[in-house]
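Below is one structure, written out as structure tokens; comments come after it.
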Amino acid sequence: MGKMILCRGRQTDKPLVIEGTGMRLYTAEELCYYIYNNIYLIGQDFINGRLIEFLRQTGEEELSERIRSLSEKKAGLAEMLVTILKTVDYYSVSDIEKLRETLNTLGRQNVCERLKSRGDGYLANECFFSAVKCYESIINEYKGNGLSGSEYAKVYHNLGTAYARMFMYKKAVKYYDEAYAIGQHEESRKCSIAAGMLAGRNSGPVNVDATEDEYVINREIETLMDNARYSDEYRQIEQIEALKQQGMMKEFNNAIDSELVKWKNDYMKYSKTF
């Protein structure tokens with residue numbers, strides 16, 4: 001979760017799985033931590049039967065009934081989230097009041113602004129598929145209504161980034177180009193060039209007539225790829241390979257299994273919603 005959490009309540013055996021991120025919460029304190037640190041990802045649909053049952057299973061029976069009652073009365077999202085935070089008492093009153101101000105600001109946003117805030121949050125948390133859904137909803141369903149030209153360009157740029165992070169470089173180029181056409185920001189143009197190079201890296205010869213920008217960006221990509229071998233992830237694979245070379249097959253197989261579970265979880269987080 002990012003920090004040590006002191007849990008005084010009951011830990012449930014059936015975690016609350018957060019849609020869009022796949023995060024699993026086991027205690028009411030973990031729920032409060034998630035709410036406080038991911039407020040831009042939370043919409044009205046966060047308050048549902050699964051959450052109410054989760055509160056009951058973690059020993060917060062009275063709170064569970066209060067949230068059920070508020071939900072049936074169509075109470076606002078801010079009121080229900082603040083009720084959870086104050087009842088569990090994991091954060092100070094001043095912290096909760098600051099969060100209330102953020103919630104009130106979000107409540108004044110139009111649908112595209114809220115979707116962009118949520119998409120930006122997913123992107124920051126490396127939940128790329130969920131980010132794509134938010135950004136594409138803005139583009140396809142709402143046509144960016146209520147966003148300035150600069151903000152609309154950021155939607156296209158971030159959509160390109162989400163696709164690039166999922167290695168879908170051709171789609172990334174498309175959206176970076178759209179971002180540049182709208183906003184005329186150099187970052188979008190350079191990202192488009194980089195994504196195009198990565199998309200065609202193994203599909204043909206190097207372009208000898210490359211522009212100066214293309215040459216510089218290609219050198220940057222090559223430097224990043226060369227430096228990848230010094231990353232923690234690369235060293236971890238080298239250490240696993242060393243176990244095999246030393247004949248420590250039991251340790252090698254256990255390490256491989258652990259690494260595969262991590263990659264599987266990362267893939268699920270990057271490429272689907274929950």
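As shown in the structure tokens, the chain order sets the letters A, B, ...; within each chain, residues go from 1, and ligands are also counted from 1 in the order they appear.
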Spatial neighbours of stretch 31-37 of chain A, 8 Å, only C-alpha atoms, chain gap at least 2 places, as a list in words: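 Result of the neighbour search: Leu25, Tyr26, Thr27, Ala28, Glu29, Ile39, Ile42, Leu81, Ile84, Leu85, Val88, Tyr90, Tyr91 and Leu99 of chain A.
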Can you tell me, as a count of residues only, what residues are no more than 6 Å from stretch 150-154 of chain A when counting only C-alpha atoms, ignoring any on the same chain fewer than 6 positions away? 3
For A:Ser64, which residue out of A:Val17, A:Met23, A:Ile47, A:Ala78 is the nearest one, using only C-alpha atoms?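 Among the listed residues, the smallest separation from A:Ser64 belongs to A:Ile47.
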Please provide as JSON, numbers by chain all residues within 12 Å of stretch 220-223 of chain A, with the sequence filter that same-chain residues fewer than 3 positions apart are discarded (counting only C-alpha atoms). {"A": [190, 191, 193, 194, 195, 196, 197, 198, 201, 213, 214, 215, 216, 217, 226, 227, 228, 229, 230]}
Using only C-alpha atoms, which residues sit within 10 Å of A:Phe252 once same-chain residues fewer than 5 positions away are excluded, as a list in words?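 Near A:Phe252, the qualifying residues are Gln239, Ile240, Glu241, Ala242, Leu243, Lys244, Gln245, Gln246, Gly247, Asp257 and Ser258 of chain A.
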Polymer residues at most 12 Å from A:Ala131, only C-alpha atoms, same-chain spacing of 4 or more positions, as a PyMOL selection string: chain A and resi 20-21+41+115-127+135-138+155-163+165-166+269-273
Residues of the last selection are to be written out with C-alpha atoms, as an mmCIF file, in the first residue's frame.
```
data_model
loop_
_atom_site.group_PDB
_atom_site.id
_atom_site.type_symbol
_atom_site.label_atom_id
_atom_site.label_comp_id
_atom_site.auth_asym_id
_atom_site.auth_seq_id
_atom_site.Cartn_x
_atom_site.Cartn_y
_atom_site.Cartn_z
ATOM 1 C CA GLY A 20 -9.646 -0.564 -12.624
ATOM 2 C CA THR A 21 -6.558 -1.149 -10.484
ATOM 3 C CA LEU A 41 -10.092 7.575 -9.179
ATOM 4 C CA LEU A 115 -13.090 11.601 -16.521
ATOM 5 C CA LYS A 116 -9.773 13.324 -17.247
ATOM 6 C CA SER A 117 -8.925 13.496 -13.536
ATOM 7 C CA ARG A 118 -9.708 9.796 -13.221
ATOM 8 C CA GLY A 119 -7.761 8.899 -16.359
ATOM 9 C CA ASP A 120 -4.755 10.899 -15.171
ATOM 10 C CA GLY A 121 -4.895 9.044 -11.862
ATOM 11 C CA TYR A 122 -4.982 5.661 -13.582
ATOM 12 C CA LEU A 123 -2.074 6.669 -15.815
ATOM 13 C CA ALA A 124 -0.013 7.758 -12.813
ATOM 14 C CA ASN A 125 -0.756 4.392 -11.171
ATOM 15 C CA GLU A 126 0.246 2.511 -14.350
ATOM 16 C CA CYS A 127 -3.284 1.178 -14.883
ATOM 17 C CA TYR A 135 -9.693 9.145 -22.268
ATOM 18 C CA GLU A 136 -11.515 7.370 -25.099
ATOM 19 C CA SER A 137 -14.831 8.036 -23.364
ATOM 20 C CA ILE A 138 -14.004 11.757 -23.385
ATOM 21 C CA VAL A 155 -6.274 13.975 -23.243
ATOM 22 C CA TYR A 156 -4.950 12.878 -26.655
ATOM 23 C CA HIS A 157 -1.331 13.087 -25.467
ATOM 24 C CA ASN A 158 -1.997 11.016 -22.352
ATOM 25 C CA LEU A 159 -3.966 8.508 -24.414
ATOM 26 C CA GLY A 160 -0.912 8.155 -26.651
ATOM 27 C CA THR A 161 1.252 7.641 -23.582
ATOM 28 C CA ALA A 162 -1.071 4.944 -22.204
ATOM 29 C CA TYR A 163 -0.912 3.037 -25.496
ATOM 30 C CA ARG A 165 3.266 2.068 -22.189
ATOM 31 C CA MET A 166 1.310 -0.987 -23.380
ATOM 32 C CA LYS A 269 -2.856 -4.299 -14.197
ATOM 33 C CA TYR A 270 -1.616 -2.796 -17.456
ATOM 34 C CA SER A 271 -3.942 -4.465 -19.909
ATOM 35 C CA LYS A 272 -7.405 -4.986 -18.438
ATOM 36 C CA THR A 273 -9.966 -3.700 -16.037
#
```
